[in-house]
$ cat upload09.cif   # mmCIF, C-alpha atoms
data_final
loop_
_atom_site.group_PDB
_atom_site.id
_atom_site.type_symbol
_atom_site.label_atom_id
_atom_site.label_comp_id
_atom_site.auth_asym_id
_atom_site.auth_seq_id
_atom_site.Cartn_x
_atom_site.Cartn_y
_atom_site.Cartn_z
ATOM 1 C CA MET A 1 -13.091 10.984 10.584
ATOM 2 C CA LEU A 2 -11.305 12.671 7.706
ATOM 3 C CA ARG A 3 -14.245 12.670 5.334
ATOM 4 C CA GLY A 4 -15.426 16.136 4.449
ATOM 5 C CA THR A 5 -13.977 19.504 3.620
ATOM 6 C CA HIS A 6 -12.464 20.227 7.029
ATOM 7 C CA TRP A 7 -8.828 20.126 8.066
ATOM 8 C CA THR A 8 -7.856 17.607 10.741
ATOM 9 C CA LEU A 9 -5.261 18.162 13.426
ATOM 10 C CA LEU A 10 -3.849 15.036 15.059
ATOM 11 C CA ILE A 11 -2.181 15.848 18.367
ATOM 12 C CA PHE A 12 -0.066 12.877 19.420
ATOM 13 C CA SER A 13 0.744 12.701 23.109
ATOM 14 C CA GLY A 14 3.810 10.521 22.592
ATOM 15 C CA ARG A 15 4.262 6.861 23.410
ATOM 16 C CA ASP A 16 4.206 7.319 27.176
ATOM 17 C CA GLY A 17 2.014 10.398 27.263
ATOM 18 C CA GLY A 18 -1.198 10.542 29.232
ATOM 19 C CA PRO A 19 -3.654 12.891 30.865
ATOM 20 C CA ALA A 20 -0.943 13.984 33.314
ATOM 21 C CA ASP A 21 0.946 15.499 30.380
ATOM 22 C CA SER A 22 -2.023 16.354 28.253
ATOM 23 C CA GLY A 23 -2.602 19.919 29.523
ATOM 24 C CA ASP A 24 -0.476 21.430 26.750
ATOM 25 C CA LEU A 25 -2.121 19.200 24.158
ATOM 26 C CA ILE A 26 -5.607 20.288 25.210
ATOM 27 C CA GLU A 27 -4.484 23.900 25.218
ATOM 28 C CA VAL A 28 -3.359 23.603 21.593
ATOM 29 C CA ALA A 29 -6.645 21.938 20.685
ATOM 30 C CA HIS A 30 -8.626 24.727 22.405
ATOM 31 C CA GLU A 31 -6.620 27.429 20.664
ATOM 32 C CA ILE A 32 -7.190 25.865 17.262
ATOM 33 C CA THR A 33 -10.890 25.298 17.925
ATOM 34 C CA ALA A 34 -11.313 28.897 19.086
ATOM 35 C CA ARG A 35 -9.650 30.415 16.040
ATOM 36 C CA PHE A 36 -10.844 28.031 13.333
ATOM 37 C CA PRO A 37 -14.008 26.506 14.798
ATOM 38 C CA ASP A 38 -15.575 24.988 11.703
ATOM 39 C CA THR A 39 -12.488 24.570 9.564
ATOM 40 C CA VAL A 40 -10.037 22.578 11.676
ATOM 41 C CA LYS A 41 -11.038 19.595 13.810
ATOM 42 C CA PRO A 42 -8.447 18.615 16.421
ATOM 43 C CA HIS A 43 -8.161 15.063 17.756
ATOM 44 C CA LEU A 44 -6.035 14.010 20.712
ATOM 45 C CA ILE A 45 -4.263 10.665 20.382
ATOM 46 C CA LEU A 46 -3.116 9.357 23.736
ATOM 47 C CA GLY A 47 -0.469 6.657 23.580
ATOM 48 C CA GLY A 48 0.208 3.943 26.144
ATOM 49 C CA PHE A 49 -2.158 3.280 29.019
ATOM 50 C CA PRO A 50 -3.074 6.692 30.411
ATOM 51 C CA ILE A 51 -4.400 6.915 33.961
ATOM 52 C CA ALA A 52 -8.116 7.618 33.927
ATOM 53 C CA ASP A 53 -8.856 11.277 34.353
ATOM 54 C CA SER A 54 -12.153 12.544 35.645
ATOM 55 C CA ALA A 55 -11.772 15.854 33.782
ATOM 56 C CA PRO A 56 -13.948 15.743 30.659
ATOM 57 C CA TYR A 57 -12.262 16.370 27.372
ATOM 58 C CA SER A 58 -13.835 18.995 25.201
ATOM 59 C CA THR A 59 -12.167 17.555 22.119
ATOM 60 C CA THR A 60 -12.208 14.094 20.604
ATOM 61 C CA VAL A 61 -9.796 11.713 22.259
ATOM 62 C CA LEU A 62 -8.375 8.648 20.568
ATOM 63 C CA LEU A 63 -6.855 6.051 22.842
ATOM 64 C CA ASP A 64 -3.882 4.212 21.460
ATOM 65 C CA PRO A 65 -2.958 1.729 24.205
ATOM 66 C CA MET A 66 -0.803 -0.503 22.013
ATOM 67 C CA ASN A 67 0.814 2.527 20.306
ATOM 68 C CA HIS A 68 -0.270 1.276 16.874
ATOM 69 C CA ALA A 69 -1.036 4.776 15.607
ATOM 70 C CA HIS A 70 2.167 6.132 17.153
ATOM 71 C CA ASP A 71 4.216 3.411 15.444
ATOM 72 C CA HIS A 72 2.355 4.003 12.204
ATOM 73 C CA PHE A 73 3.336 7.672 12.212
ATOM 74 C CA GLY A 74 6.774 7.078 13.737
ATOM 75 C CA VAL A 75 5.943 9.270 16.743
ATOM 76 C CA LYS A 76 7.896 8.988 19.998
ATOM 77 C CA ASP A 77 7.334 12.357 21.679
ATOM 78 C CA ALA A 78 4.412 14.758 21.453
ATOM 79 C CA CYS A 79 3.839 15.726 17.840
ATOM 80 C CA LEU A 80 1.387 17.640 15.642
ATOM 81 C CA TYR A 81 0.104 16.468 12.287
ATOM 82 C CA LEU A 82 -2.219 18.657 10.237
ATOM 83 C CA ILE A 83 -4.111 16.882 7.469
ATOM 84 C CA ARG A 84 -5.534 18.852 4.582
ATOM 85 C CA PRO A 85 -8.943 18.065 3.088
ATOM 86 C CA ASP A 86 -7.215 16.370 0.125
ATOM 87 C CA LEU A 87 -5.754 13.890 2.683
ATOM 88 C CA TYR A 88 -2.212 15.195 2.318
ATOM 89 C CA LEU A 89 -0.207 16.294 5.321
ATOM 90 C CA GLY A 90 0.062 20.054 5.477
ATOM 91 C CA PHE A 91 2.062 20.533 8.639
ATOM 92 C CA ARG A 92 4.260 18.403 10.849
ATOM 93 C CA GLY A 93 5.984 19.610 13.946
ATOM 94 C CA LYS A 94 6.698 19.097 17.631
ATOM 95 C CA LEU A 95 4.328 20.312 20.297
ATOM 96 C CA ASN A 96 6.342 23.481 20.861
ATOM 97 C CA ASP A 97 5.890 24.286 17.149
ATOM 98 C CA ALA A 98 2.235 25.141 17.847
ATOM 99 C CA PRO A 99 2.796 28.898 17.193
ATOM 100 C CA ARG A 100 4.235 27.986 13.788
ATOM 101 C CA LEU A 101 1.137 25.897 13.126
ATOM 102 C CA LEU A 102 -1.045 28.901 13.906
ATOM 103 C CA GLU A 103 1.066 31.042 11.570
ATOM 104 C CA TYR A 104 0.654 28.433 8.862
ATOM 105 C CA LEU A 105 -3.115 28.304 9.331
ATOM 106 C CA ASP A 106 -3.340 32.108 9.433
ATOM 107 C CA ARG A 107 -1.537 32.202 6.101
ATOM 108 C CA LEU A 108 -3.957 29.798 4.451
ATOM 109 C CA LEU A 109 -7.267 30.125 6.261
ATOM 110 C CA VAL A 110 -9.485 32.925 7.494
ATOM 111 C CA SER A 111 -9.676 32.918 11.267
ATOM 112 C CA ARG A 112 -12.752 33.930 13.222
ATOM 113 C CA GLU A 113 -10.904 36.936 14.695
ATOM 114 C CA SER A 114 -10.146 38.361 11.268
ATOM 115 C CA ILE A 115 -13.811 38.448 10.273
ATOM 116 C CA ARG A 116 -15.337 41.822 11.062
ATOM 117 C CA ILE A 117 -19.060 42.100 10.925
ATOM 118 C CA PRO A 118 -20.073 45.595 9.746
ATOM 119 C CA SER A 119 -22.220 47.384 12.301
ATOM 120 C CA MET B 1 -0.888 -36.141 -3.495
ATOM 121 C CA LEU B 2 0.663 -37.268 -6.768
ATOM 122 C CA SER B 3 3.815 -38.473 -5.073
ATOM 123 C CA SER B 4 1.784 -41.053 -3.105
ATOM 124 C CA ARG B 5 0.635 -42.816 -6.271
ATOM 125 C CA PRO B 6 3.372 -45.534 -6.256
ATOM 126 C CA MET B 7 2.378 -46.391 -2.692
ATOM 127 C CA ILE B 8 -1.293 -46.601 -3.703
ATOM 128 C CA ASP B 9 -0.318 -48.861 -6.616
ATOM 129 C CA ARG B 10 1.444 -51.202 -4.232
ATOM 130 C CA LEU B 11 -1.517 -51.182 -1.871
ATOM 131 C CA ALA B 12 -3.855 -51.894 -4.789
ATOM 132 C CA ALA B 13 -1.653 -54.810 -5.843
ATOM 133 C CA ALA B 14 -1.812 -56.136 -2.310
ATOM 134 C CA THR B 15 -5.621 -55.859 -2.270
ATOM 135 C CA GLN B 16 -5.805 -57.625 -5.649
ATOM 136 C CA ALA B 17 -3.643 -60.455 -4.339
ATOM 137 C CA GLU B 18 -5.971 -60.893 -1.378
ATOM 138 C CA SER B 19 -9.106 -60.924 -3.565
ATOM 139 C CA ASN B 20 -7.518 -63.683 -5.701
ATOM 140 C CA GLY B 21 -7.160 -65.831 -2.595
ATOM 141 C CA LYS B 22 -3.393 -65.504 -2.638
ATOM 142 C CA ARG B 23 -2.938 -63.803 0.653
ATOM 143 C CA LYS B 24 0.652 -62.773 0.833
ATOM 144 C CA GLU B 25 2.745 -59.792 1.659
ATOM 145 C CA VAL B 26 3.403 -57.589 -1.335
ATOM 146 C CA HIS B 27 6.376 -55.261 -0.939
ATOM 147 C CA GLY B 28 6.038 -55.445 2.814
ATOM 148 C CA VAL B 29 2.443 -54.156 2.845
ATOM 149 C CA THR B 30 -0.216 -56.089 4.731
ATOM 150 C CA THR B 31 -3.559 -56.653 3.037
ATOM 151 C CA LEU B 32 -5.780 -55.705 5.987
ATOM 152 C CA LEU B 33 -6.595 -52.446 4.284
ATOM 153 C CA PRO B 34 -9.530 -51.036 2.276
ATOM 154 C CA ASP B 35 -9.921 -51.644 -1.439
ATOM 155 C CA PHE B 36 -7.330 -49.415 -3.015
ATOM 156 C CA ASN B 37 -8.334 -50.360 -6.560
ATOM 157 C CA SER B 38 -11.269 -47.979 -6.347
ATOM 158 C CA LEU B 39 -9.039 -45.359 -4.800
ATOM 159 C CA ARG B 40 -6.556 -45.741 -7.645
ATOM 160 C CA SER B 41 -9.258 -45.118 -10.217
ATOM 161 C CA THR B 42 -10.096 -41.789 -8.544
ATOM 162 C CA MET B 43 -6.497 -40.621 -8.469
ATOM 163 C CA PRO B 44 -5.540 -38.274 -11.304
ATOM 164 C CA ALA B 45 -2.842 -39.540 -13.573
ATOM 165 C CA THR B 46 0.489 -37.788 -13.430
ATOM 166 C CA PRO B 47 0.283 -35.018 -16.058
ATOM 167 C CA ARG B 48 2.871 -35.207 -18.770
ATOM 168 C CA ARG B 49 4.981 -32.130 -18.964
ATOM 169 C CA ARG B 50 4.545 -30.293 -22.244
ATOM 170 C CA PRO B 51 7.786 -29.339 -23.911
ATOM 171 C CA ASN B 52 8.515 -25.638 -23.838
ATOM 172 C CA PRO B 53 8.534 -24.469 -27.475
ATOM 173 C CA PHE B 54 10.888 -21.613 -26.626
ATOM 174 C CA LEU B 55 13.508 -23.901 -25.153
ATOM 175 C CA ARG B 56 13.283 -26.452 -27.972
ATOM 176 C CA PRO B 57 16.341 -26.305 -30.240
ATOM 177 C CA PHE B 58 15.689 -25.306 -33.811
ATOM 178 C CA GLU B 59 15.446 -28.412 -35.896
ATOM 179 C CA THR B 60 15.705 -27.101 -39.416
ATOM 180 C CA LYS B 61 17.168 -24.123 -41.158
ATOM 181 C CA ALA B 62 13.652 -22.763 -41.785
ATOM 182 C CA ASP B 63 12.932 -22.904 -38.046
ATOM 183 C CA THR B 64 16.104 -20.985 -37.365
ATOM 184 C CA MET B 65 15.242 -18.320 -39.928
ATOM 185 C CA ASN B 66 11.708 -17.993 -38.542
ATOM 186 C CA GLY B 67 13.079 -17.645 -35.036
ATOM 187 C CA LEU B 68 15.513 -14.963 -36.075
ATOM 188 C CA ARG B 69 12.781 -13.046 -37.938
ATOM 189 C CA LYS B 70 10.537 -13.239 -34.843
ATOM 190 C CA LEU B 71 13.365 -12.063 -32.614
ATOM 191 C CA LYS B 72 14.057 -9.146 -34.941
ATOM 192 C CA ARG B 73 10.360 -8.143 -35.036
ATOM 193 C CA GLU B 74 9.906 -8.356 -31.249
ATOM 194 C CA GLY B 75 13.213 -6.627 -30.627
ATOM 195 C CA SER B 76 12.182 -3.734 -32.835
ATOM 196 C CA HIS B 77 8.856 -3.506 -30.942
ATOM 197 C CA ILE B 78 10.662 -3.283 -27.595
ATOM 198 C CA LEU B 79 13.107 -0.731 -28.980
ATOM 199 C CA ARG B 80 10.285 1.421 -30.378
ATOM 200 C CA LEU B 81 8.437 1.182 -27.046
ATOM 201 C CA THR B 82 11.524 2.376 -25.147
ATOM 202 C CA ILE B 83 12.025 5.265 -27.556
ATOM 203 C CA ARG B 84 8.362 6.294 -27.315
ATOM 204 C CA ILE B 85 8.368 6.260 -23.496
ATOM 205 C CA SER B 86 11.563 8.313 -23.281
ATOM 206 C CA ALA B 87 10.262 10.720 -25.947
ATOM 207 C CA LYS B 88 6.996 11.178 -24.046
ATOM 208 C CA TYR B 89 8.952 11.879 -20.872
ATOM 209 C CA ARG B 90 11.006 14.530 -22.658
ATOM 210 C CA GLN B 91 7.865 15.986 -24.259
ATOM 211 C CA ALA B 92 6.086 16.194 -20.883
ATOM 212 C CA PHE B 93 9.192 17.781 -19.400
ATOM 213 C CA ARG B 94 9.269 20.400 -22.167
ATOM 214 C CA GLN B 95 5.551 21.120 -21.804
ATOM 215 C CA SER B 96 5.910 21.751 -18.082
ATOM 216 C CA PHE B 97 8.522 24.463 -18.654
ATOM 217 C CA ASP B 98 7.464 27.765 -17.144
ATOM 218 C CA HIS B 99 8.928 30.681 -19.116
ATOM 219 C CA LYS B 100 8.553 33.131 -16.242
ATOM 220 C CA SER B 101 10.323 31.122 -13.581
ATOM 221 C CA LYS B 102 12.542 29.272 -16.095
ATOM 222 C CA LEU B 103 11.706 26.057 -14.282
ATOM 223 C CA CYS B 104 10.171 22.731 -15.201
ATOM 224 C CA ASP B 105 7.499 21.130 -13.054
ATOM 225 C CA LEU B 106 9.026 17.764 -12.294
ATOM 226 C CA HIS B 107 5.860 16.494 -10.578
ATOM 227 C CA ALA B 108 3.731 17.178 -13.643
ATOM 228 C CA THR B 109 6.379 15.481 -15.758
ATOM 229 C CA LYS B 110 6.380 12.450 -13.487
ATOM 230 C CA GLU B 111 2.593 12.227 -13.485
ATOM 231 C CA LYS B 112 2.354 12.485 -17.269
ATOM 232 C CA SER B 113 5.140 10.008 -17.842
ATOM 233 C CA MET B 114 3.542 7.643 -15.321
ATOM 234 C CA LEU B 115 0.192 7.850 -17.116
ATOM 235 C CA ASN B 116 1.788 7.389 -20.512
ATOM 236 C CA GLY B 117 4.028 4.615 -19.226
ATOM 237 C CA THR B 118 1.178 2.614 -17.680
ATOM 238 C CA ASP B 119 -0.914 3.146 -20.810
ATOM 239 C CA GLN B 120 1.943 1.896 -22.941
ATOM 240 C CA ALA B 121 2.580 -1.043 -20.629
ATOM 241 C CA TYR B 122 -1.063 -2.156 -20.749
ATOM 242 C CA THR B 123 -1.078 -1.826 -24.536
ATOM 243 C CA THR B 124 2.097 -3.882 -24.742
ATOM 244 C CA LEU B 125 0.689 -6.582 -22.476
ATOM 245 C CA LEU B 126 -2.592 -6.795 -24.346
ATOM 246 C CA LYS B 127 -1.024 -6.762 -27.806
ATOM 247 C CA ALA B 128 2.113 -8.663 -26.941
ATOM 248 C CA GLY B 129 3.675 -10.917 -29.517
ATOM 249 C CA ASP B 130 5.066 -14.382 -28.881
ATOM 250 C CA LEU B 131 8.288 -13.106 -27.387
ATOM 251 C CA GLY B 132 6.478 -10.587 -25.182
ATOM 252 C CA ARG B 133 4.107 -13.267 -23.917
ATOM 253 C CA ALA B 134 7.008 -15.648 -23.315
ATOM 254 C CA ALA B 135 8.863 -12.921 -21.393
ATOM 255 C CA ALA B 136 5.748 -12.149 -19.334
ATOM 256 C CA ARG B 137 5.309 -15.868 -18.560
ATOM 257 C CA LEU B 138 8.957 -16.264 -17.690
ATOM 258 C CA PHE B 139 9.575 -13.129 -15.630
ATOM 259 C CA GLY B 140 6.022 -12.150 -14.615
ATOM 260 C CA PRO B 141 5.614 -14.497 -11.626
ATOM 261 C CA PHE B 142 9.108 -13.681 -10.383
ATOM 262 C CA LEU B 143 8.520 -9.922 -10.622
ATOM 263 C CA LEU B 144 5.028 -10.005 -9.129
ATOM 264 C CA SER B 145 6.131 -12.193 -6.224
ATOM 265 C CA SER B 146 8.798 -9.666 -5.285
ATOM 266 C CA GLU B 147 7.766 -7.710 -2.192
ATOM 267 C CA ILE B 148 9.425 -4.537 -3.496
ATOM 268 C CA VAL B 149 7.389 -4.594 -6.704
ATOM 269 C CA ARG B 150 4.165 -5.419 -4.858
ATOM 270 C CA LYS B 151 4.736 -2.619 -2.349
ATOM 271 C CA LYS B 152 5.472 -0.178 -5.146
ATOM 272 C CA MET B 153 2.308 -1.177 -7.013
ATOM 273 C CA ARG B 154 0.190 -0.993 -3.857
ATOM 274 C CA HIS B 155 1.538 2.418 -2.926
ATOM 275 C CA THR B 156 1.091 3.736 -6.452
ATOM 276 C CA LEU B 157 -2.509 2.535 -6.573
ATOM 277 C CA GLU B 158 -3.210 4.001 -3.140
ATOM 278 C CA GLU B 159 -1.429 7.193 -4.214
ATOM 279 C CA ILE B 160 0.892 6.941 -1.218
ATOM 280 C CA ASP B 161 4.014 7.344 -3.321
ATOM 281 C CA ILE B 162 2.747 10.563 -4.873
ATOM 282 C CA ASN B 163 3.971 13.518 -2.848
ATOM 283 C CA TYR B 164 4.405 17.245 -3.267
ATOM 284 C CA ARG B 165 7.481 17.870 -1.177
ATOM 285 C CA GLU B 166 8.821 21.392 -1.070
ATOM 286 C CA GLY B 167 5.391 22.594 -2.190
ATOM 287 C CA PRO B 168 4.073 25.947 -0.919
ATOM 288 C CA LEU B 169 1.354 24.222 1.109
ATOM 289 C CA ALA B 170 3.788 22.115 3.126
ATOM 290 C CA VAL B 171 5.536 23.145 6.311
ATOM 291 C CA ASP B 172 7.670 20.490 7.937
ATOM 292 C CA HIS B 173 9.458 20.880 11.269
ATOM 293 C CA GLY B 174 10.191 17.200 11.944
ATOM 294 C CA GLY B 175 9.191 15.649 15.233
ATOM 295 C CA SER B 176 8.642 12.079 14.037
ATOM 296 C CA ASP B 177 10.149 9.349 11.899
ATOM 297 C CA GLY B 178 6.930 8.871 9.954
ATOM 298 C CA PRO B 179 5.456 10.620 6.945
ATOM 299 C CA ARG B 180 6.544 14.203 6.414
ATOM 300 C CA ALA B 181 4.484 17.186 5.355
ATOM 301 C CA ASP B 182 3.025 17.002 1.849
ATOM 302 C CA GLU B 183 3.011 13.240 1.801
ATOM 303 C CA ARG B 184 -0.153 11.223 1.638
ATOM 304 C CA MET B 185 -1.964 10.660 4.933
ATOM 305 C CA LEU B 186 -1.526 7.095 6.193
ATOM 306 C CA ASP B 187 -4.537 4.899 6.651
ATOM 307 C CA SER B 188 -5.174 3.576 10.124
ATOM 308 C CA THR B 189 -7.862 1.663 11.941
ATOM 309 C CA VAL B 190 -10.105 3.408 14.437
ATOM 310 C CA VAL B 191 -12.486 1.583 16.742
ATOM 311 C CA LYS B 192 -15.410 3.545 18.079
ATOM 312 C CA MET B 193 -16.015 3.320 21.805
ATOM 313 C CA PRO B 194 -19.009 4.578 23.802
ATOM 314 C CA GLY B 195 -19.059 8.315 24.330
ATOM 315 C CA ASN B 196 -16.522 10.584 22.767
ATOM 316 C CA GLN B 197 -13.617 8.186 22.802
ATOM 317 C CA TYR B 198 -12.148 5.964 20.198
ATOM 318 C CA LEU B 199 -9.534 3.282 20.245
ATOM 319 C CA CYS B 200 -6.787 3.153 17.679
ATOM 320 C CA GLY B 201 -5.295 -0.124 16.643
ATOM 321 C CA LYS B 202 -6.223 -3.660 15.886
ATOM 322 C CA CYS B 203 -7.416 -4.727 19.338
ATOM 323 C CA CYS B 204 -11.140 -4.861 18.661
ATOM 324 C CA ALA B 205 -13.009 -6.006 15.590
ATOM 325 C CA GLU B 206 -16.227 -4.176 16.351
ATOM 326 C CA HIS B 207 -17.201 -0.786 14.957
ATOM 327 C CA ILE B 208 -14.074 -0.566 12.894
ATOM 328 C CA GLY B 209 -13.829 2.615 10.921
ATOM 329 C CA ARG B 210 -11.112 4.418 9.093
ATOM 330 C CA PHE B 211 -9.336 7.703 9.637
#

$ encode --input "upload09.cif" --output "structure tokens"
Amino acid sequence: MLRGTHWTLLIFSGRDGGPADSGDLIEVAHEITARFPDTVKPHLILGGFPIADSAPYSTTVLLDPMNHAHDHFGVKDACLYLIRPDLYLGFRGKLNDAPRLLEYLDRLLVSRESIRIPS
Amino acid sequence: MLSSRPMIDRLAAATQAESNGKRKEVHGVTTLLPDFNSLRSTMPATPRRRPNPFLRPFETKADTMNGLRKLKREGSHILRLTIRISAKYRQAFRQSFDHKSKLCDLHATKEKSMLNGTDQAYTTLLKAGDLGRAAARLFGPFLLSSEIVRKKMRHTLEEIDINYREGPLAVDHGGSDGPRADERMLDSTVVKMPGNQYLCGKCCAEHIGRF
């Protein structure tokens, strides 16, 4: 999952989070995918036993029913973890720190919007 | 196993008494039992404890003088080792000094001193004298059985303890009690499920992968 030269974004839903609360999480994942499509790979980690949702996820979803991953990372509420290609954590923040995450990525990476193809 | 040998001896004596036609109770053990003589022959004898040469008192004046000379030699080795490690740390610290920023790179210093320290430790272990070997035998098992030491070794080998906090590539806004930005990513088990979903944790043994 982490092997390669890409950056990995782990979006934790929180221990009791589920599809009912996952709209914001998916929005963050979409935003990241749109701006850094080949560079950053977002993964949603849903804690607890989420109610099955018929809406298909466009991003990878990791189910964490026993909250092992959440306990491992000490996560209680929704949280963002960005992992660099050297397997060190580059960014950690709450879900509402998503704009700061984008600022951080803009500082380090070249987004799709900034590339101008000469006509 | 060894502690049951006196009992087996008694049982063997009882079996012997029966085979001699003198059926009687030996130490309260009945003789309606298998032949314990053969069993006794298979039992290993209690090993005799070898005297520890380092705990043996010096018998003669020559022994005492030899012991003191050995102690002096080993003590000087340990002292020289300590001085070399501290000198290498200072040297690495000096080398990391940046004249522009007037700062020393503590991480580089730590890495260099760690490399030099482990190198020195391995050399010491491999070329240890009598006192060094005795110290390793005496304190080694105690140190290695300590959970703190084992955790430290494991984390060092897995590079978990190496971090670059306050580095320019780290932005930390909290949000969890786990690892912070610019620490090593934790390893975790991922179980692949059909489709685009995975299962984190230890629930299933099939298709186990790693983050």

$ resolve_selection --input "upload09.cif" --expression "the PyMOL selection byres ((chain B and resi 166) around 12)" --output "list of chain:residue names"
A:Gly90, A:Phe91, B:Leu106, B:His107, B:Asn163, B:Tyr164, B:Arg165, B:Gly167, B:Pro168, B:Leu169, B:Ala170, B:Val171, B:Asp172, B:Arg180, B:Ala181, B:Asp182, B:Glu183

$ atom_distance --input "upload09.cif" --atom1 "CA of Phe73 (chain A)" --atom2 "CA of Arg35 (chain A)"
26.5 Å

$ atom_distance --input "upload09.cif" --atom1 "CA of Leu10 (chain A)" --atom2 "CA of Met185 (chain B)"
11.2 Å

$ atom_distance --input "upload09.cif" --atom1 "CA of Gly174 (chain B)" --atom2 "CA of Phe12 (chain A)"
13.4 Å

$ residues_near_point --input "upload09.cif" --point "(9.9, 12.3, 12.2)" --cutoff "9 Å" --atoms "all atoms listed in the file" --output "compact mmCIF listing (two decimals) with C-alpha atoms, in the frame of the given file"
# COMPACT_ATOMS: atom_id res chain seq x y z
CA PHE A 73 3.34 7.67 12.21
CA GLY A 74 6.77 7.08 13.74
CA VAL A 75 5.94 9.27 16.74
CA LYS A 76 7.90 8.99 20.00
CA CYS A 79 3.84 15.73 17.84
CA ARG A 92 4.26 18.40 10.85
CA GLY A 93 5.98 19.61 13.95
CA HIS B 173 9.46 20.88 11.27
CA GLY B 174 10.19 17.20 11.94
CA GLY B 175 9.19 15.65 15.23
CA SER B 176 8.64 12.08 14.04
CA ASP B 177 10.15 9.35 11.90
CA GLY B 178 6.93 8.87 9.95
CA PRO B 179 5.46 10.62 6.94
CA ARG B 180 6.54 14.20 6.41

$ resolve_selection --input "upload09.cif" --expression "the PyMOL selection byres ((chain A) within 10 of (chain B))" --output "PDB file with C-alpha atoms, in the coordinates of the input"
ATOM      1  CA  MET A   1     -13.091  10.984  10.584  1.00  0.00           C
ATOM      2  CA  LEU A   2     -11.305  12.671   7.706  1.00  0.00           C
ATOM      3  CA  ARG A   3     -14.245  12.670   5.334  1.00  0.00           C
ATOM      4  CA  GLY A  14       3.810  10.521  22.592  1.00  0.00           C
ATOM      5  CA  LEU A  44      -6.035  14.010  20.712  1.00  0.00           C
ATOM      6  CA  ILE A  45      -4.263  10.665  20.382  1.00  0.00           C
ATOM      7  CA  LEU A  46      -3.116   9.357  23.736  1.00  0.00           C
ATOM      8  CA  GLY A  47      -0.469   6.657  23.580  1.00  0.00           C
ATOM      9  CA  PRO A  56     -13.948  15.743  30.659  1.00  0.00           C
ATOM     10  CA  TYR A  57     -12.262  16.370  27.372  1.00  0.00           C
ATOM     11  CA  SER A  58     -13.835  18.995  25.201  1.00  0.00           C
ATOM     12  CA  THR A  59     -12.167  17.555  22.119  1.00  0.00           C
ATOM     13  CA  THR A  60     -12.208  14.094  20.604  1.00  0.00           C
ATOM     14  CA  VAL A  61      -9.796  11.713  22.259  1.00  0.00           C
ATOM     15  CA  LEU A  62      -8.375   8.648  20.568  1.00  0.00           C
ATOM     16  CA  LEU A  63      -6.855   6.051  22.842  1.00  0.00           C
ATOM     17  CA  ASP A  64      -3.882   4.212  21.460  1.00  0.00           C
ATOM     18  CA  PRO A  65      -2.958   1.729  24.205  1.00  0.00           C
ATOM     19  CA  MET A  66      -0.803  -0.503  22.013  1.00  0.00           C
ATOM     20  CA  ASN A  67       0.814   2.527  20.306  1.00  0.00           C
ATOM     21  CA  HIS A  68      -0.270   1.276  16.874  1.00  0.00           C
ATOM     22  CA  ALA A  69      -1.036   4.776  15.607  1.00  0.00           C
ATOM     23  CA  HIS A  70       2.167   6.132  17.153  1.00  0.00           C
ATOM     24  CA  ASP A  71       4.216   3.411  15.444  1.00  0.00           C
ATOM     25  CA  HIS A  72       2.355   4.003  12.204  1.00  0.00           C
ATOM     26  CA  PHE A  73       3.336   7.672  12.212  1.00  0.00           C
ATOM     27  CA  GLY A  74       6.774   7.078  13.737  1.00  0.00           C
ATOM     28  CA  VAL A  75       5.943   9.270  16.743  1.00  0.00           C
ATOM     29  CA  LYS A  76       7.896   8.988  19.998  1.00  0.00           C
ATOM     30  CA  ASP A  77       7.334  12.357  21.679  1.00  0.00           C
ATOM     31  CA  ALA A  78       4.412  14.758  21.453  1.00  0.00           C
ATOM     32  CA  CYS A  79       3.839  15.726  17.840  1.00  0.00           C
ATOM     33  CA  LEU A  80       1.387  17.640  15.642  1.00  0.00           C
ATOM     34  CA  TYR A  81       0.104  16.468  12.287  1.00  0.00           C
ATOM     35  CA  LEU A  82      -2.219  18.657  10.237  1.00  0.00           C
ATOM     36  CA  ILE A  83      -4.111  16.882   7.469  1.00  0.00           C
ATOM     37  CA  ARG A  84      -5.534  18.852   4.582  1.00  0.00           C
ATOM     38  CA  ASP A  86      -7.215  16.370   0.125  1.00  0.00           C
ATOM     39  CA  LEU A  87      -5.754  13.890   2.683  1.00  0.00           C
ATOM     40  CA  TYR A  88      -2.212  15.195   2.318  1.00  0.00           C
ATOM     41  CA  LEU A  89      -0.207  16.294   5.321  1.00  0.00           C
ATOM     42  CA  GLY A  90       0.062  20.054   5.477  1.00  0.00           C
ATOM     43  CA  PHE A  91       2.062  20.533   8.639  1.00  0.00           C
ATOM     44  CA  ARG A  92       4.260  18.403  10.849  1.00  0.00           C
ATOM     45  CA  GLY A  93       5.984  19.610  13.946  1.00  0.00           C
ATOM     46  CA  LYS A  94       6.698  19.097  17.631  1.00  0.00           C
ATOM     47  CA  LEU A  95       4.328  20.312  20.297  1.00  0.00           C
ATOM     48  CA  ASP A  97       5.890  24.286  17.149  1.00  0.00           C
ATOM     49  CA  ARG A 100       4.235  27.986  13.788  1.00  0.00           C
ATOM     50  CA  LEU A 101       1.137  25.897  13.126  1.00  0.00           C
ATOM     51  CA  TYR A 104       0.654  28.433   8.862  1.00  0.00           C
ATOM     52  CA  ARG A 107      -1.537  32.202   6.101  1.00  0.00           C
ATOM     53  CA  LEU A 108      -3.957  29.798   4.451  1.00  0.00           C
TER      54      LEU A 108
END

$ resolve_selection --input "upload09.cif" --expression "the PyMOL selection byres ((chain A and resi 37) around 12)" --output "ChimeraX atom specification"
/A:6-8,29-36,38-42,59,109-113

$ closest_residue --input "upload09.cif" --among "A:Pro85, A:Leu9, A:Ala98, A:Gly4" --to "Asp24 (chain A)" --atoms "all atoms listed in the file"
A:Ala98
